[in-house]
Every structure is written in structure tokens, then in C-alpha cells.
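*Asks:* This is the structure I have questions about; it appears just below.
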Amino acid sequence: MQVFMLLVQVGRKKGDGLPDDSTGAGLICYAAGRDEAEAVRETVAILKQADMAPLDVTGYGTAEERKAAGQEIDDEERVLIDRALADNAVIVAAVEPFFDDPTAVGEG
């Protein structure tokens, strides 16, 4: 088993726990799997069970792949990766709600 870092974009769904005025969210997840495809499938299934609406998943690879690409893995992230591996789990490490921005270019 390996642990993959995933960025999941979710839309809105009743009961999703996101702020009422948000349009969705981005979630950083660490997911265990034999390969990235399995980690993505498990993450999507878990998020659907949690009444979330996954729209898109971007994989960033394993810690080793990311380190080989020059990224640093800090101690806090390593703890999350180790926990996902030990528990064969999906860990949601961060949730960033999205909001409509009326000042955005092209809106109006």
C-alpha cells in the first residue's frame, strides 16, 4: 500500500457541512491504496458517504514521488501520511470553501 496526496473539488449537496454561502470546496486528502486509481476511488466513495459531491480529483503522487520532484514533506504532513497508511484510510487534511467573488474579472 501507498499513500497518495489528492486535491478534490466538491460541489454543493444538502447536508455537506460547508458554509451556506459557499459554492463548493477544495479538499486536500491523503488516501491509501495499491495505486493512485484505487486511492481516488476510495476517496470519492468516502466523500459521497459523507454527503459531499466530488466533482474533480487531481493526484499529486506519493510522498516519495513528490520529494523526487523537489517538494518538501514536513513533519505534520508525514504524520498524516503515516496515519493514512497505518489505518488504510482517507484523511481529509484541509477544507477550503469556495465563494463567488463579484469583483472577479469577467463578472458583472
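Every chain in the C-alpha cells takes a letter, A first, then B, and so on in the order presented; its residues are numbered from 1, and the ligands are numbered from 1 following the presented order.
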List the spatial neighbours of Leu85 in chain A as an MDAnalysis selection string - criterion: any atom at most 6 Å away, only C-alpha atoms, same-chain residues fewer than 3 positions off excluded.

*Replies:* chainID A and resid 32 82 88

*Asks:* Taking all heavy atoms for each residue, export the selection above as a PDB file, in the first residue's frame.

*Replies:*
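Here's the written file again_33.pdb:
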ATOM      1  N   ALA A  32      -4.841   6.046   1.186  1.00  0.00           N
ATOM      2  CA  ALA A  32      -4.085   4.816   0.999  1.00  0.00           C
ATOM      3  C   ALA A  32      -4.686   4.015  -0.149  1.00  0.00           C
ATOM      4  O   ALA A  32      -5.899   4.010  -0.352  1.00  0.00           O
ATOM      5  CB  ALA A  32      -4.109   3.988   2.283  1.00  0.00           C
ATOM      6  N   ASP A  82       1.532   8.836   7.445  1.00  0.00           N
ATOM      7  CA  ASP A  82       1.725   7.608   8.224  1.00  0.00           C
ATOM      8  C   ASP A  82       0.403   7.094   8.780  1.00  0.00           C
ATOM      9  O   ASP A  82       0.158   5.885   8.809  1.00  0.00           O
ATOM     10  CB  ASP A  82       2.733   7.839   9.354  1.00  0.00           C
ATOM     11  CG  ASP A  82       4.156   8.054   8.839  1.00  0.00           C
ATOM     12  OD1 ASP A  82       4.428   7.760   7.652  1.00  0.00           O
ATOM     13  OD2 ASP A  82       4.987   8.540   9.628  1.00  0.00           O
ATOM     14  N   ASN A  88      -5.138   2.384   6.771  1.00  0.00           N
ATOM     15  CA  ASN A  88      -5.684   2.122   5.438  1.00  0.00           C
ATOM     16  C   ASN A  88      -6.902   3.025   5.220  1.00  0.00           C
ATOM     17  O   ASN A  88      -8.015   2.566   4.986  1.00  0.00           O
ATOM     18  CB  ASN A  88      -6.050   0.649   5.268  1.00  0.00           C
ATOM     19  CG  ASN A  88      -6.443   0.321   3.843  1.00  0.00           C
ATOM     20  OD1 ASN A  88      -6.053   1.013   2.899  1.00  0.00           O
ATOM     21  ND2 ASN A  88      -7.226  -0.729   3.674  1.00  0.00           N
TER      22      ASN A  88
END

*Asks:* Would you mind telling me which residue in A:Asp51, A:Glu96, A:Asp101, A:Glu64 lies nearest to Gly26 in chain A when using only C-alpha atoms?

*Replies:*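 Among A:Asp51, A:Glu96, A:Asp101, A:Glu64, it is A:Glu96 that comes nearest to Gly26 in chain A.
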
*Asks:* When you look at Leu47 in chain A with a cut-off of 10 Å (counting only C-alpha atoms), what residues show up, excluding the ones that are within fewer than 3 positions of it in the same chain? I need them as a list in words.

*Replies:* Val8, Val10, Asp16, Glu42, Thr43, Val44, Ala50, Asp51, Met52, Ala53, Pro54, Val90 and Val92 of chain A

*Asks:* Could you save the residues just selected, with all heavy atoms, as a PDB file, in the first residue's frame?

*Replies:*
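out-v7.pdb written:
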ATOM      1  N   VAL A   8      -9.284  17.326  -4.067  1.00  0.00           N
ATOM      2  CA  VAL A   8     -10.633  17.008  -4.512  1.00  0.00           C
ATOM      3  C   VAL A   8     -11.464  18.285  -4.501  1.00  0.00           C
ATOM      4  O   VAL A   8     -11.529  18.975  -3.481  1.00  0.00           O
ATOM      5  CB  VAL A   8     -11.299  15.955  -3.595  1.00  0.00           C
ATOM      6  CG1 VAL A   8     -12.678  15.588  -4.120  1.00  0.00           C
ATOM      7  CG2 VAL A   8     -10.418  14.716  -3.458  1.00  0.00           C
ATOM      8  N   VAL A  10     -15.176  19.737  -4.628  1.00  0.00           N
ATOM      9  CA  VAL A  10     -16.542  19.287  -4.396  1.00  0.00           C
ATOM     10  C   VAL A  10     -17.514  20.416  -4.672  1.00  0.00           C
ATOM     11  O   VAL A  10     -17.205  21.594  -4.471  1.00  0.00           O
ATOM     12  CB  VAL A  10     -16.746  18.753  -2.954  1.00  0.00           C
ATOM     13  CG1 VAL A  10     -15.881  17.532  -2.696  1.00  0.00           C
ATOM     14  CG2 VAL A  10     -16.478  19.812  -1.906  1.00  0.00           C
ATOM     15  N   ASP A  16     -23.875  18.798   3.314  1.00  0.00           N
ATOM     16  CA  ASP A  16     -22.432  18.630   3.115  1.00  0.00           C
ATOM     17  C   ASP A  16     -21.574  19.297   4.192  1.00  0.00           C
ATOM     18  O   ASP A  16     -20.374  19.067   4.270  1.00  0.00           O
ATOM     19  CB  ASP A  16     -22.001  19.111   1.727  1.00  0.00           C
ATOM     20  CG  ASP A  16     -22.274  20.587   1.456  1.00  0.00           C
ATOM     21  OD1 ASP A  16     -22.560  21.347   2.404  1.00  0.00           O
ATOM     22  OD2 ASP A  16     -22.200  20.972   0.275  1.00  0.00           O
ATOM     23  N   GLU A  42     -11.513   5.172  -3.588  1.00  0.00           N
ATOM     24  CA  GLU A  42     -11.837   5.123  -2.164  1.00  0.00           C
ATOM     25  C   GLU A  42     -12.180   6.506  -1.623  1.00  0.00           C
ATOM     26  O   GLU A  42     -13.116   6.665  -0.840  1.00  0.00           O
ATOM     27  CB  GLU A  42     -10.679   4.519  -1.368  1.00  0.00           C
ATOM     28  CG  GLU A  42     -10.475   3.042  -1.613  1.00  0.00           C
ATOM     29  CD  GLU A  42     -11.658   2.193  -1.171  1.00  0.00           C
ATOM     30  OE1 GLU A  42     -12.244   2.478  -0.104  1.00  0.00           O
ATOM     31  OE2 GLU A  42     -12.007   1.263  -1.913  1.00  0.00           O
ATOM     32  N   THR A  43     -11.429   7.511  -2.046  1.00  0.00           N
ATOM     33  CA  THR A  43     -11.678   8.875  -1.586  1.00  0.00           C
ATOM     34  C   THR A  43     -13.042   9.359  -2.048  1.00  0.00           C
ATOM     35  O   THR A  43     -13.826   9.907  -1.253  1.00  0.00           O
ATOM     36  CB  THR A  43     -10.570   9.819  -2.087  1.00  0.00           C
ATOM     37  OG1 THR A  43      -9.314   9.351  -1.576  1.00  0.00           O
ATOM     38  CG2 THR A  43     -10.810  11.250  -1.644  1.00  0.00           C
ATOM     39  N   VAL A  44     -13.371   9.149  -3.305  1.00  0.00           N
ATOM     40  CA  VAL A  44     -14.667   9.566  -3.838  1.00  0.00           C
ATOM     41  C   VAL A  44     -15.796   8.847  -3.093  1.00  0.00           C
ATOM     42  O   VAL A  44     -16.793   9.461  -2.709  1.00  0.00           O
ATOM     43  CB  VAL A  44     -14.731   9.340  -5.364  1.00  0.00           C
ATOM     44  CG1 VAL A  44     -16.159   9.484  -5.891  1.00  0.00           C
ATOM     45  CG2 VAL A  44     -13.799  10.304  -6.083  1.00  0.00           C
ATOM     46  N   ALA A  50     -20.171  10.827   3.034  1.00  0.00           N
ATOM     47  CA  ALA A  50     -20.217  11.981   3.941  1.00  0.00           C
ATOM     48  C   ALA A  50     -21.095  13.105   3.374  1.00  0.00           C
ATOM     49  O   ALA A  50     -21.007  14.242   3.818  1.00  0.00           O
ATOM     50  CB  ALA A  50     -18.803  12.501   4.197  1.00  0.00           C
ATOM     51  N   ASP A  51     -21.947  12.773   2.398  1.00  0.00           N
ATOM     52  CA  ASP A  51     -22.861  13.738   1.776  1.00  0.00           C
ATOM     53  C   ASP A  51     -22.141  14.877   1.067  1.00  0.00           C
ATOM     54  O   ASP A  51     -22.652  15.994   0.990  1.00  0.00           O
ATOM     55  CB  ASP A  51     -23.864  14.297   2.792  1.00  0.00           C
ATOM     56  CG  ASP A  51     -24.912  13.271   3.175  1.00  0.00           C
ATOM     57  OD1 ASP A  51     -25.235  12.420   2.324  1.00  0.00           O
ATOM     58  OD2 ASP A  51     -25.394  13.321   4.318  1.00  0.00           O
ATOM     59  N   MET A  52     -20.967  14.601   0.528  1.00  0.00           N
ATOM     60  CA  MET A  52     -20.259  15.592  -0.275  1.00  0.00           C
ATOM     61  C   MET A  52     -20.457  15.217  -1.747  1.00  0.00           C
ATOM     62  O   MET A  52     -20.832  14.095  -2.062  1.00  0.00           O
ATOM     63  CB  MET A  52     -18.781  15.642   0.093  1.00  0.00           C
ATOM     64  CG  MET A  52     -18.601  15.861   1.574  1.00  0.00           C
ATOM     65  SD  MET A  52     -17.314  16.938   2.139  1.00  0.00           S
ATOM     66  CE  MET A  52     -17.578  18.493   1.488  1.00  0.00           C
ATOM     67  N   ALA A  53     -20.207  16.165  -2.637  1.00  0.00           N
ATOM     68  CA  ALA A  53     -20.411  15.963  -4.073  1.00  0.00           C
ATOM     69  C   ALA A  53     -19.097  16.145  -4.829  1.00  0.00           C
ATOM     70  O   ALA A  53     -18.830  17.220  -5.369  1.00  0.00           O
ATOM     71  CB  ALA A  53     -21.465  16.940  -4.577  1.00  0.00           C
ATOM     72  N   PRO A  54     -18.242  15.102  -4.865  1.00  0.00           N
ATOM     73  CA  PRO A  54     -16.967  15.219  -5.577  1.00  0.00           C
ATOM     74  C   PRO A  54     -17.180  15.497  -7.070  1.00  0.00           C
ATOM     75  O   PRO A  54     -17.995  14.849  -7.709  1.00  0.00           O
ATOM     76  CB  PRO A  54     -16.310  13.846  -5.382  1.00  0.00           C
ATOM     77  CG  PRO A  54     -17.077  13.179  -4.299  1.00  0.00           C
ATOM     78  CD  PRO A  54     -18.434  13.787  -4.281  1.00  0.00           C
ATOM     79  N   VAL A  90      -8.655   7.243   4.374  1.00  0.00           N
ATOM     80  CA  VAL A  90      -8.635   8.524   3.689  1.00  0.00           C
ATOM     81  C   VAL A  90      -8.658   9.591   4.775  1.00  0.00           C
ATOM     82  O   VAL A  90      -9.553   9.614   5.608  1.00  0.00           O
ATOM     83  CB  VAL A  90      -9.851   8.694   2.758  1.00  0.00           C
ATOM     84  CG1 VAL A  90      -9.888  10.098   2.167  1.00  0.00           C
ATOM     85  CG2 VAL A  90      -9.844   7.639   1.661  1.00  0.00           C
ATOM     86  N   VAL A  92      -8.828  13.592   5.445  1.00  0.00           N
ATOM     87  CA  VAL A  92      -9.073  14.920   4.892  1.00  0.00           C
ATOM     88  C   VAL A  92      -8.271  15.884   5.752  1.00  0.00           C
ATOM     89  O   VAL A  92      -8.587  16.117   6.914  1.00  0.00           O
ATOM     90  CB  VAL A  92     -10.575  15.275   4.894  1.00  0.00           C
ATOM     91  CG1 VAL A  92     -10.781  16.697   4.368  1.00  0.00           C
ATOM     92  CG2 VAL A  92     -11.356  14.271   4.055  1.00  0.00           C
TER      93      VAL A  92
END

*Asks:* Would you please extract all helix (DSSP H, G or I) residues from chain A, as assigned by DSSP on the backbone, and give them as a ChimeraX atom specification?

*Replies:* /A:36-49,63-68,75-87

*Asks:* Excluding Asp21 in chain A and residues on its chain fewer than 5 positions from it, collect all residues at most 9 Å away from it, counting only C-alpha atoms, and give them as a PyMOL selection string.

*Replies:* chain A and resi 98-100

*Asks:* Just to be explicit: take each residue in the selection above, keep N, CA and C atoms, and write the result as a PDB file, in the first residue's frame.

*Replies:*
ATOM      1  N   PHE A  98     -15.152  27.502  -1.315  1.00  0.00           N
ATOM      2  CA  PHE A  98     -15.116  28.446  -2.425  1.00  0.00           C
ATOM      3  C   PHE A  98     -16.328  29.366  -2.306  1.00  0.00           C
ATOM      4  N   PHE A  99     -16.128  30.642  -2.641  1.00  0.00           N
ATOM      5  CA  PHE A  99     -17.194  31.628  -2.610  1.00  0.00           C
ATOM      6  C   PHE A  99     -17.203  32.386  -3.922  1.00  0.00           C
ATOM      7  N   ASP A 100     -18.409  32.766  -4.386  1.00  0.00           N
ATOM      8  CA  ASP A 100     -18.490  33.622  -5.562  1.00  0.00           C
ATOM      9  C   ASP A 100     -17.838  34.955  -5.238  1.00  0.00           C
TER      10      ASP A 100
END

*Asks:* Go through A:Val79, A:Val3, A:Ile91, A:Ala86 and flag the residue nearest Gly61 in chain A, using only C-alpha atoms for the distances.

*Replies:* A:Val3

*Asks:* Quick one: pull the distance between CA of Val57 in chain A and CA of Glu72 in chain A, Å, one decimal.

*Replies:*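 Separation of CA of Val57 in chain A and CA of Glu72 in chain A: 21.7 Å.
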
*Asks:* Using only C-alpha atoms, pick whichever of A:Val95, A:Met5, A:Ile28, A:Ile46 has the shortest atom-to-atom distance to Glu65 in chain A.

*Replies:*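 Counting only C-alpha atoms, the residue closest to Glu65 in chain A is A:Met5.
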
*Asks:* Report, in Å with one decimal, the straight-line distance from CA of Leu80 in chain A to CA of Lys13 in chain A.

*Replies:* 26.9 Å

*Asks:* Using CA of Thr58 in chain A and CA of Tyr30 in chain A as the two end points, give the distance in Å to one decimal.

*Replies:*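 These two atoms are separated by 11.9 Å.
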
*Asks:* Name the closest residue to Gly59 in chain A among the candidates A:Ala93, A:Phe4, A:Ile81, A:Gln71; distances are taken between atoms, counting only C-alpha atoms.

*Replies:*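 Counting only C-alpha atoms, the residue closest to Gly59 in chain A is A:Phe4.
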
*Asks:* Extract, using only C-alpha atoms, all DNA, RNA and protein residues at most 9 Å from range 73-78 of chain A, discarding same-chain residues fewer than 6 positions from it, and format them as number ranges by chain.

*Replies:* A: 63, 66-67, 93

*Asks:* Can I get the selected residues back with C-alpha atoms, as a short mmCIF file (atom, residue, chain, number, x, y, z; two decimals), in the first residue's frame?

*Replies:*
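Output saved as out_28.cif:
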data_model
loop_
_atom_site.label_atom_id
_atom_site.label_comp_id
_atom_site.auth_asym_id
_atom_site.auth_seq_id
_atom_site.Cartn_x
_atom_site.Cartn_y
_atom_site.Cartn_z
CA ALA A 63 5.49 11.40 -0.70
CA ARG A 66 6.76 14.44 -4.54
CA LYS A 67 10.17 14.50 -2.82
CA ALA A 93 -6.29 17.27 5.93
#
